[in-house]
$ cat my_file10.cif   # mmCIF, C-alpha atoms and all ligand atoms
data_coords
#
loop_
_atom_site.group_PDB
_atom_site.id
_atom_site.type_symbol
_atom_site.label_atom_id
_atom_site.label_comp_id
_atom_site.auth_asym_id
_atom_site.auth_seq_id
_atom_site.Cartn_x
_atom_site.Cartn_y
_atom_site.Cartn_z
ATOM 1 C CA MET W 28 19.443 12.037 -32.373
ATOM 2 C CA SER W 29 21.151 9.507 -34.541
ATOM 3 C CA ILE W 30 19.516 6.220 -35.452
ATOM 4 C CA MET W 31 22.144 4.455 -33.345
ATOM 5 C CA THR W 32 21.277 6.491 -30.201
ATOM 6 C CA GLY W 33 17.572 5.811 -30.741
ATOM 7 C CA PHE W 34 18.273 2.117 -31.107
ATOM 8 C CA VAL W 35 20.338 2.039 -27.898
ATOM 9 C CA ILE W 36 17.545 3.815 -25.965
ATOM 10 C CA ILE W 37 14.957 1.297 -27.205
ATOM 11 C CA VAL W 38 17.189 -1.641 -26.260
ATOM 12 C CA ILE W 39 17.786 -0.201 -22.762
ATOM 13 C CA GLU W 40 14.034 0.316 -22.316
ATOM 14 C CA GLN W 41 13.341 -3.269 -23.366
ATOM 15 C CA ILE W 42 15.994 -4.594 -20.966
ATOM 16 C CA GLY W 43 14.359 -2.527 -18.194
ATOM 17 C CA LEU W 44 10.941 -4.004 -18.994
ATOM 18 C CA PHE W 45 12.355 -7.531 -19.122
ATOM 19 C CA TRP W 46 14.166 -6.978 -15.806
ATOM 20 C CA LYS W 47 10.924 -5.801 -14.182
ATOM 21 C CA LYS W 48 9.149 -8.891 -15.511
ATOM 22 C CA ILE W 49 11.627 -11.431 -14.217
ATOM 23 C CA ASN W 50 12.022 -9.594 -10.904
ATOM 24 C CA PRO W 51 8.524 -9.320 -9.520
ATOM 25 C CA HIS W 52 7.974 -7.149 -6.430
ATOM 26 C CA PRO W 53 7.107 -9.462 -3.533
ATOM 27 C CA PHE W 54 3.802 -8.288 -2.014
ATOM 28 C CA GLY W 55 2.182 -9.781 1.088
ATOM 29 C CA ILE W 56 -1.595 -9.432 1.403
ATOM 30 C CA TYR W 57 -2.914 -10.031 4.910
ATOM 31 C CA GLY W 58 -5.984 -9.230 6.981
ATOM 32 C CA ALA W 59 -8.857 -10.807 8.914
ATOM 33 C CA THR W 60 -11.075 -13.477 7.390
ATOM 34 C CA GLN W 61 -13.594 -12.329 4.755
ATOM 35 C CA VAL W 62 -12.074 -8.870 4.204
ATOM 36 C CA GLY W 63 -11.509 -9.650 0.515
ATOM 37 C CA LYS W 64 -7.929 -10.925 0.118
ATOM 38 C CA THR W 65 -8.850 -13.715 -2.314
ATOM 39 C CA THR W 66 -11.057 -11.262 -4.195
ATOM 40 C CA LEU W 67 -8.078 -8.904 -4.496
ATOM 41 C CA HIS W 68 -5.940 -11.759 -5.881
ATOM 42 C CA HIS W 69 -8.586 -12.461 -8.516
ATOM 43 C CA GLN W 70 -8.785 -8.758 -9.396
ATOM 44 C CA LEU W 71 -5.014 -8.674 -9.893
ATOM 45 C CA ARG W 72 -5.144 -11.653 -12.248
ATOM 46 C CA THR W 73 -8.273 -10.884 -14.230
ATOM 47 C CA ARG W 74 -9.186 -7.257 -14.537
ATOM 48 C CA GLY W 75 -12.946 -6.846 -14.119
ATOM 49 C CA ASP W 76 -15.792 -7.804 -11.849
ATOM 50 C CA VAL W 77 -14.796 -10.671 -9.547
ATOM 51 C CA PRO W 78 -17.528 -13.226 -8.793
ATOM 52 C CA ILE W 79 -18.576 -13.639 -5.131
ATOM 53 C CA ILE W 80 -16.075 -15.895 -3.339
ATOM 54 C CA LYS W 81 -17.773 -18.366 -1.046
ATOM 55 C CA GLU W 82 -14.874 -20.500 0.225
ATOM 56 C CA ARG W 83 -12.492 -19.348 2.917
ATOM 57 C CA THR W 84 -8.833 -19.744 2.070
ATOM 58 C CA VAL W 85 -7.100 -22.615 3.841
ATOM 59 C CA GLY W 86 -3.442 -22.044 4.780
ATOM 60 C CA ARG W 87 -1.102 -20.485 2.241
ATOM 61 C CA GLU W 88 -1.364 -20.927 -1.505
ATOM 62 C CA ARG W 89 1.408 -21.137 -4.084
ATOM 63 C CA PRO W 90 2.858 -17.697 -4.956
ATOM 64 C CA LEU W 91 1.850 -16.403 -8.386
ATOM 65 C CA ARG W 92 2.943 -13.526 -10.584
ATOM 66 C CA LYS W 93 0.565 -10.783 -11.615
ATOM 67 C CA THR W 94 1.256 -8.058 -14.135
ATOM 68 C CA ILE W 95 -0.577 -4.792 -13.775
ATOM 69 C CA LYS W 96 -0.718 -1.989 -16.322
ATOM 70 C CA ILE W 97 -1.822 1.516 -15.474
ATOM 71 C CA ASP W 98 -1.150 4.893 -17.136
ATOM 72 C CA GLY W 99 1.298 3.218 -19.532
ATOM 73 C CA ASP W 100 3.376 1.716 -16.693
ATOM 74 C CA THR W 101 3.750 -1.996 -16.177
ATOM 75 C CA HIS W 102 4.601 -3.652 -12.875
ATOM 76 C CA THR W 103 4.977 -7.320 -12.090
ATOM 77 C CA ILE W 104 4.283 -8.421 -8.545
ATOM 78 C CA LYS W 105 4.200 -11.786 -6.835
ATOM 79 C CA THR W 106 1.698 -12.644 -4.124
ATOM 80 C CA SER W 107 0.513 -15.684 -2.271
ATOM 81 C CA ASP W 108 -3.050 -15.930 -1.001
ATOM 82 C CA VAL W 109 -3.170 -16.724 2.718
ATOM 83 C CA GLY W 110 -6.197 -17.419 4.892
ATOM 84 C CA GLY W 111 -7.321 -14.793 7.395
ATOM 85 C CA GLU W 112 -8.783 -17.050 10.078
ATOM 86 C CA ASN W 113 -6.681 -16.793 13.209
ATOM 87 C CA LEU W 114 -5.149 -20.234 12.881
ATOM 88 C CA TYR W 115 -3.412 -18.966 9.702
ATOM 89 C CA TRP W 116 -1.942 -15.751 11.141
ATOM 90 C CA GLY W 117 1.335 -17.589 11.724
ATOM 91 C CA ASP W 118 1.403 -18.353 7.973
ATOM 92 C CA TRP W 119 1.501 -14.600 7.266
ATOM 93 C CA ILE W 120 4.831 -14.382 9.056
ATOM 94 C CA GLN W 121 6.131 -17.474 7.229
ATOM 95 C CA ASP W 122 5.018 -15.894 3.964
ATOM 96 C CA MET W 123 6.832 -12.614 4.776
ATOM 97 C CA ARG W 124 9.957 -14.500 5.683
ATOM 98 C CA ASN W 125 10.057 -17.144 2.936
ATOM 99 C CA ARG W 126 9.281 -14.820 0.060
ATOM 100 C CA LYS W 127 11.187 -11.812 1.481
ATOM 101 C CA VAL W 128 8.064 -9.660 1.202
ATOM 102 C CA LYS W 129 8.865 -6.001 0.519
ATOM 103 C CA TYR W 130 5.397 -4.462 0.355
ATOM 104 C CA ILE W 131 2.549 -5.348 2.685
ATOM 105 C CA ILE W 132 -1.129 -4.698 2.152
ATOM 106 C CA PHE W 133 -3.201 -5.038 5.302
ATOM 107 C CA MET W 134 -6.838 -5.266 4.228
ATOM 108 C CA ILE W 135 -9.717 -4.183 6.398
ATOM 109 C CA ASP W 136 -13.443 -3.658 6.029
ATOM 110 C CA ASP W 137 -15.918 -1.727 8.183
ATOM 111 C CA ARG W 138 -16.871 -4.512 10.607
ATOM 112 C CA HIS W 139 -15.256 -2.767 13.590
ATOM 113 C CA LEU W 140 -17.389 0.346 13.021
ATOM 114 C CA ASP W 141 -20.496 -1.599 12.132
ATOM 115 C CA LYS W 142 -20.327 -3.917 15.135
ATOM 116 C CA HIS W 143 -18.128 -2.595 17.924
ATOM 117 C CA ILE W 144 -17.746 -5.944 19.674
ATOM 118 C CA ASP W 145 -16.082 -7.408 16.577
ATOM 119 C CA ILE W 146 -12.412 -6.740 17.272
ATOM 120 C CA GLU W 147 -10.898 -9.441 15.033
ATOM 121 C CA GLN W 148 -9.260 -6.868 12.761
ATOM 122 C CA GLN W 149 -7.706 -4.978 15.682
ATOM 123 C CA LEU W 150 -6.320 -8.256 17.079
ATOM 124 C CA CYS W 151 -4.702 -9.394 13.856
ATOM 125 C CA TRP W 152 -3.383 -5.875 13.198
ATOM 126 C CA LYS W 153 -1.647 -5.870 16.590
ATOM 127 C CA PHE W 154 -0.268 -9.355 15.873
ATOM 128 C CA LEU W 155 1.089 -8.242 12.493
ATOM 129 C CA VAL W 156 2.591 -4.963 13.749
ATOM 130 C CA ASP W 157 4.263 -6.748 16.688
ATOM 131 C CA ALA W 158 5.754 -9.303 14.270
ATOM 132 C CA ILE W 159 6.998 -6.694 11.793
ATOM 133 C CA CYS W 160 8.493 -4.441 14.470
ATOM 134 C CA SER W 161 10.162 -7.273 16.356
ATOM 135 C CA PRO W 162 13.925 -7.520 15.819
ATOM 136 C CA TYR W 163 13.522 -11.321 15.836
ATOM 137 C CA TRP W 164 11.623 -13.711 13.572
ATOM 138 C CA ASP W 165 11.000 -15.899 16.614
ATOM 139 C CA MET W 166 9.457 -13.246 18.861
ATOM 140 C CA ILE W 167 8.747 -15.498 21.845
ATOM 141 C CA ASN W 168 12.217 -17.002 22.237
ATOM 142 C CA LYS W 169 14.019 -13.892 20.938
ATOM 143 C CA LYS W 170 15.844 -15.982 18.314
ATOM 144 C CA GLN W 171 16.639 -15.668 14.605
ATOM 145 C CA LYS W 172 17.559 -12.001 14.542
ATOM 146 C CA LYS W 173 16.342 -10.106 11.496
ATOM 147 C CA LYS W 174 18.709 -8.356 9.140
ATOM 148 C CA ARG W 175 18.115 -4.881 7.802
ATOM 149 C CA HIS W 176 16.634 -6.134 4.534
ATOM 150 C CA ASP W 177 14.184 -8.381 6.417
ATOM 151 C CA PHE W 178 11.972 -5.369 7.165
ATOM 152 C CA PRO W 179 9.368 -4.346 4.576
ATOM 153 C CA ILE W 180 9.773 -1.171 2.505
ATOM 154 C CA ALA W 181 6.207 0.026 3.077
ATOM 155 C CA LEU W 182 2.810 -1.033 4.376
ATOM 156 C CA GLY W 183 -0.580 0.044 3.065
ATOM 157 C CA ILE W 184 -3.823 -0.226 5.020
ATOM 158 C CA TRP W 185 -6.437 -0.865 2.392
ATOM 159 C CA ALA W 186 -10.035 -0.319 3.462
ATOM 160 C CA ASN W 187 -11.978 -2.637 1.165
ATOM 161 C CA LYS W 188 -15.668 -2.914 0.172
ATOM 162 C CA PHE W 189 -15.931 0.867 -0.223
ATOM 163 C CA ASP W 190 -19.041 0.224 -2.353
ATOM 164 C CA LEU W 191 -20.778 -1.118 0.772
ATOM 165 C CA TRP W 192 -19.796 1.504 3.368
ATOM 166 C CA LYS W 193 -19.142 4.711 1.433
ATOM 167 C CA ASP W 194 -22.384 6.381 2.590
ATOM 168 C CA LYS W 195 -22.535 4.887 6.072
ATOM 169 C CA TYR W 196 -20.136 7.125 8.011
ATOM 170 C CA ALA W 197 -19.555 10.876 8.033
ATOM 171 C CA TYR W 198 -16.142 12.115 6.878
ATOM 172 C CA ASP W 199 -14.611 15.194 5.242
ATOM 173 C CA ASP W 200 -11.311 13.860 4.048
ATOM 174 C CA ILE W 201 -11.025 10.183 3.073
ATOM 175 C CA GLN W 202 -7.520 10.112 4.576
ATOM 176 C CA LYS W 203 -9.093 10.962 7.960
ATOM 177 C CA HIS W 204 -11.992 8.525 7.618
ATOM 178 C CA PRO W 205 -12.942 6.965 11.009
ATOM 179 C CA ILE W 206 -12.430 3.478 9.482
ATOM 180 C CA PHE W 207 -8.649 3.996 9.954
ATOM 181 C CA ASP W 208 -8.738 5.461 13.496
ATOM 182 C CA THR W 209 -8.196 2.270 15.470
ATOM 183 C CA PHE W 210 -5.161 1.343 13.322
ATOM 184 C CA GLN W 211 -3.399 4.663 13.862
ATOM 185 C CA ASP W 212 -1.338 3.545 16.830
ATOM 186 C CA GLY W 213 0.130 0.574 14.919
ATOM 187 C CA MET W 214 0.924 2.838 11.987
ATOM 188 C CA ARG W 215 2.856 5.128 14.325
ATOM 189 C CA ARG W 216 4.812 2.143 15.642
ATOM 190 C CA LEU W 217 5.731 1.113 12.091
ATOM 191 C CA ASN W 218 6.745 4.678 11.235
ATOM 192 C CA ASP W 219 8.994 4.743 14.322
ATOM 193 C CA ARG W 220 10.657 1.602 12.937
ATOM 194 C CA GLY W 221 11.308 3.470 9.695
ATOM 195 C CA ILE W 222 8.514 1.745 7.753
ATOM 196 C CA PRO W 223 6.230 4.229 5.967
ATOM 197 C CA THR W 224 2.499 3.494 5.887
ATOM 198 C CA HIS W 225 -0.266 4.688 3.639
ATOM 199 C CA LYS W 226 -4.040 4.601 3.800
ATOM 200 C CA TYR W 227 -6.054 3.593 0.786
ATOM 201 C CA VAL W 228 -9.679 2.874 -0.059
ATOM 202 C CA VAL W 229 -10.777 0.199 -2.563
ATOM 203 C CA SER W 230 -13.553 -1.988 -3.848
ATOM 204 C CA ALA W 231 -11.511 -5.015 -4.810
ATOM 205 C CA LYS W 232 -14.521 -6.830 -6.215
ATOM 206 C CA SER W 233 -15.502 -4.278 -8.814
ATOM 207 C CA GLU W 234 -12.986 -1.445 -9.183
ATOM 208 C CA SER W 235 -9.899 -2.746 -10.958
ATOM 209 C CA GLU W 236 -8.502 0.724 -11.580
ATOM 210 C CA MET W 237 -8.542 1.565 -7.837
ATOM 211 C CA VAL W 238 -6.652 -1.684 -7.162
ATOM 212 C CA TYR W 239 -4.059 -1.190 -9.902
ATOM 213 C CA ARG W 240 -3.488 2.439 -8.919
ATOM 214 C CA GLY W 241 -2.962 1.444 -5.284
ATOM 215 C CA ILE W 242 -0.320 -1.133 -6.201
ATOM 216 C CA SER W 243 1.521 1.164 -8.565
ATOM 217 C CA THR W 244 1.480 3.998 -5.961
ATOM 218 C CA MET W 245 3.120 1.728 -3.407
ATOM 219 C CA ILE W 246 5.861 0.668 -5.827
ATOM 220 C CA GLU W 247 6.532 4.137 -7.173
ATOM 221 C CA ASP W 248 6.258 6.198 -3.978
ATOM 222 C CA TYR W 249 8.302 4.030 -1.617
HETATM 223 N N1 LIG O 1 -19.404 -5.641 -1.973
HETATM 224 C C1 LIG O 1 -18.149 -6.071 -1.945
HETATM 225 N N2 LIG O 1 -17.901 -7.317 -1.517
HETATM 226 C C2 LIG O 1 -16.620 -7.734 -1.499
HETATM 227 C C3 LIG O 1 -15.544 -6.902 -1.920
HETATM 228 N N3 LIG O 1 -14.387 -7.594 -1.788
HETATM 229 C C4 LIG O 1 -14.740 -8.817 -1.299
HETATM 230 N N4 LIG O 1 -16.081 -8.908 -1.133
HETATM 231 C C5 LIG O 1 -16.848 -10.072 -0.633
HETATM 232 O O1 LIG O 1 -16.402 -10.405 0.672
HETATM 233 C C6 LIG O 1 -16.461 -11.798 0.879
HETATM 234 C C7 LIG O 1 -15.120 -12.323 1.366
HETATM 235 O O2 LIG O 1 -14.148 -12.174 0.336
HETATM 236 P P1 LIG O 1 -12.841 -13.089 0.235
HETATM 237 O O3 LIG O 1 -12.050 -12.539 -0.886
HETATM 238 O O4 LIG O 1 -13.188 -14.522 0.187
HETATM 239 O O5 LIG O 1 -12.168 -12.761 1.652
HETATM 240 P P2 LIG O 1 -10.787 -13.339 2.237
HETATM 241 O O6 LIG O 1 -10.123 -12.184 2.905
HETATM 242 O O7 LIG O 1 -10.018 -14.046 1.186
HETATM 243 O O8 LIG O 1 -11.274 -14.380 3.348
HETATM 244 P P3 LIG O 1 -10.402 -15.618 3.958
HETATM 245 O O9 LIG O 1 -9.985 -16.468 2.821
HETATM 246 O O10 LIG O 1 -11.323 -16.299 4.914
HETATM 247 O O11 LIG O 1 -9.255 -14.997 4.692
HETATM 248 C C8 LIG O 1 -16.892 -12.421 -0.453
HETATM 249 O O12 LIG O 1 -18.277 -12.677 -0.407
HETATM 250 C C9 LIG O 1 -16.582 -11.323 -1.459
HETATM 251 O O13 LIG O 1 -17.420 -11.394 -2.609
HETATM 252 C C10 LIG O 1 -15.855 -5.570 -2.369
HETATM 253 O O14 LIG O 1 -14.998 -4.766 -2.757
HETATM 254 N N5 LIG O 1 -17.167 -5.223 -2.355
HETATM 255 MG MG MG O 2 -9.354 -15.947 1.003
#
$ encode --input "my_file10.cif" --output "structure tokens"
Amino acid sequence: MSIMTGFVIIVIEQIGLFWKKINPHPFGIYGATQVGKTTLHHQLRTRGDVPIIKERTVGRERPLRKTIKIDGDTHTIKTSDVGGENLYWGDWIQDMRNRKVKYIIFMIDDRHLDKHIDIEQQLCWKFLVDAICSPYWDMINKKQKKKRHDFPIALGIWANKFDLWKDKYAYDDIQKHPIFDTFQDGMRRLNDRGIPTHKYVVSAKSESEMVYRGISTMIEDY
């Protein structure tokens, strides 16, 4: 290989890296209150152990870039932290629409297994799946028809706080863990719409590598 060819390859690589940096992948992170969305945002910004977050997020925060590096690969993503209390669920849809979100992470924890009467996660999951699958942005009045590129590329269900529930329930294969069972129907509906889904397990508070690997898998596999 001549020096010139080597030089051209390096320049192309640098342009690729620069392009990735100025074109962050728009990620939307949603899920019921207290599942760990703000914690995940902190983990994406500062690799390490995230302090306990006491405040609940109010409304939708300004979108910010985050650069993650894993196995020599670098990805830049952009996310906006949104509250999970039910009065903010409408903000999730605004966030998807305004920022043209391409990858969605729906975070859950084990509250529905721990306390069967707590169905908050199932309710907001149904709300989100209905909104994504709807051909209209305004579902009620059947107005503002979506275009093809308005649908996300992929959705990941991320079961968070693994450190707290890993020994609580019996399972053979983590992919078939009962924590995901109740969300299966919605995943099928998304698949029927042509949106692939994946299941993932994390401890956003303490395991930065799990978080970074999950993000890079979504970008690279879909
Ligand atoms: N043990 C453990 N606790 C976690 C983990 N992730 C989040 N938490 C805790 O769960 C609580 C809620 O986390 P937040 O990040 O504030 O949750 P949120 O989804 O942003 O909540 P809203 O803003 O109300 O929607 C906090 O006390 C976190 O410290 C985890 O991986 N392990
Ligand atoms: Mg929050």
$ residues_around --input "my_file10.cif" --residues "stretch 41-45 of chain W" --least-positions-apart "6" --cutoff "10 Å" --atoms "all atoms listed in the file" --output "PyMOL selection string"
chain W and resi 35+100-103
$ residues_near_ligand --input "my_file10.cif" --ligand "ligand MG 2 (chain O)" --cutoff "12 Å" --atoms "all atoms listed in the file" --output "MDAnalysis selection string"
chainID W and resid 56:69 79:88 107:112 115 134
$ resolve_selection --input "my_file10.cif" --expression "the PyMOL selection byres (((chain W and resi 223) around 9) and not hetatm)" --output "PDB file with C-alpha atoms, in the coordinates of the input"
ATOM      1  CA  ILE W 180       9.773  -1.171   2.505  1.00  0.00           C
ATOM      2  CA  ALA W 181       6.207   0.026   3.077  1.00  0.00           C
ATOM      3  CA  LEU W 182       2.810  -1.033   4.376  1.00  0.00           C
ATOM      4  CA  GLY W 183      -0.580   0.044   3.065  1.00  0.00           C
ATOM      5  CA  MET W 214       0.924   2.838  11.987  1.00  0.00           C
ATOM      6  CA  LEU W 217       5.731   1.113  12.091  1.00  0.00           C
ATOM      7  CA  ASN W 218       6.745   4.678  11.235  1.00  0.00           C
ATOM      8  CA  ASP W 219       8.994   4.743  14.322  1.00  0.00           C
ATOM      9  CA  ARG W 220      10.657   1.602  12.937  1.00  0.00           C
ATOM     10  CA  GLY W 221      11.308   3.470   9.695  1.00  0.00           C
ATOM     11  CA  ILE W 222       8.514   1.745   7.753  1.00  0.00           C
ATOM     12  CA  THR W 224       2.499   3.494   5.887  1.00  0.00           C
ATOM     13  CA  HIS W 225      -0.266   4.688   3.639  1.00  0.00           C
ATOM     14  CA  TYR W 249       8.302   4.030  -1.617  1.00  0.00           C
TER      15      TYR W 249
END
$ atom_distance --input "my_file10.cif" --atom1 "atom CA of W:Lys169" --atom2 "atom CA of W:Gln211"
26.4 Å
$ resolve_selection --input "my_file10.cif" --expression "the PyMOL selection byres (((chain W and resi 239) around 12) and not hetatm)" --output "count of residues only"
37
$ closest_residue --input "my_file10.cif" --among "W:Ile146, W:Ile206, W:Ile167, W:Val77" --to "ligand LIG 1 (chain O)" --atoms "all atoms listed in the file"
W:Val77
$ closest_residue --input "my_file10.cif" --among "W:Met123, W:Leu150, W:Ile135, W:Ala197" --to "ligand LIG 1 (chain O)" --atoms "all atoms listed in the file"
W:Ile135
$ atom_distance --input "my_file10.cif" --atom1 "atom CA of W:His176" --atom2 "atom CA of W:Gln121"
15.7 Å
$ closest_residue --input "my_file10.cif" --among "W:Ala158, W:Ala186, W:Ile201, W:Ile37" --to "ligand LIG 1 (chain O)" --atoms "all atoms listed in the file"
W:Ala186
$ axis_aligned_box --input "my_file10.cif" --around "ligand LIG 1 (chain O)" --padding-each-side "3 Å" --output "JSON"
{"center_x": -14.3, "center_y": -10.6, "center_z": 1.1, "size_x": 16.1, "size_y": 17.7, "size_z": 13.7}
$ closest_residue --input "my_file10.cif" --among "W:Arg92, W:Trp192, W:Phe210, W:Pro179" --to "W:Gln148" --atoms "all atoms listed in the file"
W:Phe210
$ atom_distance --input "my_file10.cif" --atom1 "atom CA of W:Lys195" --atom2 "atom C3 of ligand LIG 1 (chain O)"
15.9 Å
$ closest_residue --input "my_file10.cif" --among "W:Arg89, W:Lys48, W:Lys174, W:Arg215" --to "W:Val156" --atoms "only C-alpha atoms"
W:Arg215
$ closest_residue --input "my_file10.cif" --among "W:Asp199, W:Asp136, W:Asp208, W:Asp165" --to "ligand LIG 1 (chain O)" --atoms "all atoms listed in the file"
W:Asp136
$ resolve_selection --input "my_file10.cif" --expression "the PyMOL selection byres (((chain W and resi 55) around 8) and not hetatm)" --output "ChimeraX atom specification"
/W:53-54,56-57,106-107,119,122-123,128-132
$ residues_around --input "my_file10.cif" --residues "W:Asp177" --least-positions-apart "3" --cutoff "8 Å" --atoms "all atoms listed in the file" --output "NGL selection string"
:W and (124 or 127 or 173-174)
$ residues_around --input "my_file10.cif" --residues "W:Lys226" --least-positions-apart "3" --cutoff "7 Å" --atoms "all atoms listed in the file" --output "PDB file with C-alpha atoms, in the coordinates of the input"
ATOM      1  CA  GLY W 183      -0.580   0.044   3.065  1.00  0.00           C
ATOM      2  CA  ILE W 184      -3.823  -0.226   5.020  1.00  0.00           C
ATOM      3  CA  TRP W 185      -6.437  -0.865   2.392  1.00  0.00           C
ATOM      4  CA  GLN W 202      -7.520  10.112   4.576  1.00  0.00           C
TER       5      GLN W 202
END
$ decode --input "my_file10.cif" --residues "stretch 146-158 of chain W" --atoms "N, CA and C atoms" --output "CSV table (one decimal), in the first residue's frame"
chain,number,residue,atom,x,y,z
W,146,ILE,N,-49.9,-1.9,38.0
W,146,ILE,CA,-49.9,-2.2,36.5
W,146,ILE,C,-49.5,-0.9,35.7
W,147,GLU,N,-48.9,0.0,36.4
W,147,GLU,CA,-48.5,1.3,35.7
W,147,GLU,C,-47.6,1.0,34.5
W,148,GLN,N,-46.7,0.1,34.6
W,148,GLN,CA,-45.8,-0.2,33.4
W,148,GLN,C,-46.6,-0.7,32.3
W,149,GLN,N,-47.6,-1.6,32.6
W,149,GLN,CA,-48.4,-2.2,31.5
W,149,GLN,C,-49.2,-1.1,30.8
W,150,LEU,N,-49.7,-0.2,31.6
W,150,LEU,CA,-50.6,0.9,31.1
W,150,LEU,C,-49.7,1.8,30.1
W,151,CYS,N,-48.6,2.2,30.6
W,151,CYS,CA,-47.8,3.1,29.7
W,151,CYS,C,-47.2,2.4,28.5
W,152,TRP,N,-47.0,1.1,28.7
W,152,TRP,CA,-46.5,0.3,27.5
W,152,TRP,C,-47.6,0.3,26.4
W,153,LYS,N,-48.8,0.0,26.9
W,153,LYS,CA,-49.9,-0.1,25.9
W,153,LYS,C,-50.1,1.3,25.2
W,154,PHE,N,-50.0,2.4,26.0
W,154,PHE,CA,-50.1,3.7,25.5
W,154,PHE,C,-49.0,4.0,24.4
W,155,LEU,N,-47.8,3.6,24.8
W,155,LEU,CA,-46.7,3.8,23.8
W,155,LEU,C,-46.8,3.0,22.6
W,156,VAL,N,-47.2,1.7,22.7
W,156,VAL,CA,-47.3,0.9,21.5
W,156,VAL,C,-48.4,1.4,20.6
W,157,ASP,N,-49.6,1.7,21.2
W,157,ASP,CA,-50.7,2.3,20.4
W,157,ASP,C,-50.2,3.5,19.7
W,158,ALA,N,-49.4,4.4,20.3
W,158,ALA,CA,-49.0,5.6,19.7
W,158,ALA,C,-48.0,5.3,18.5
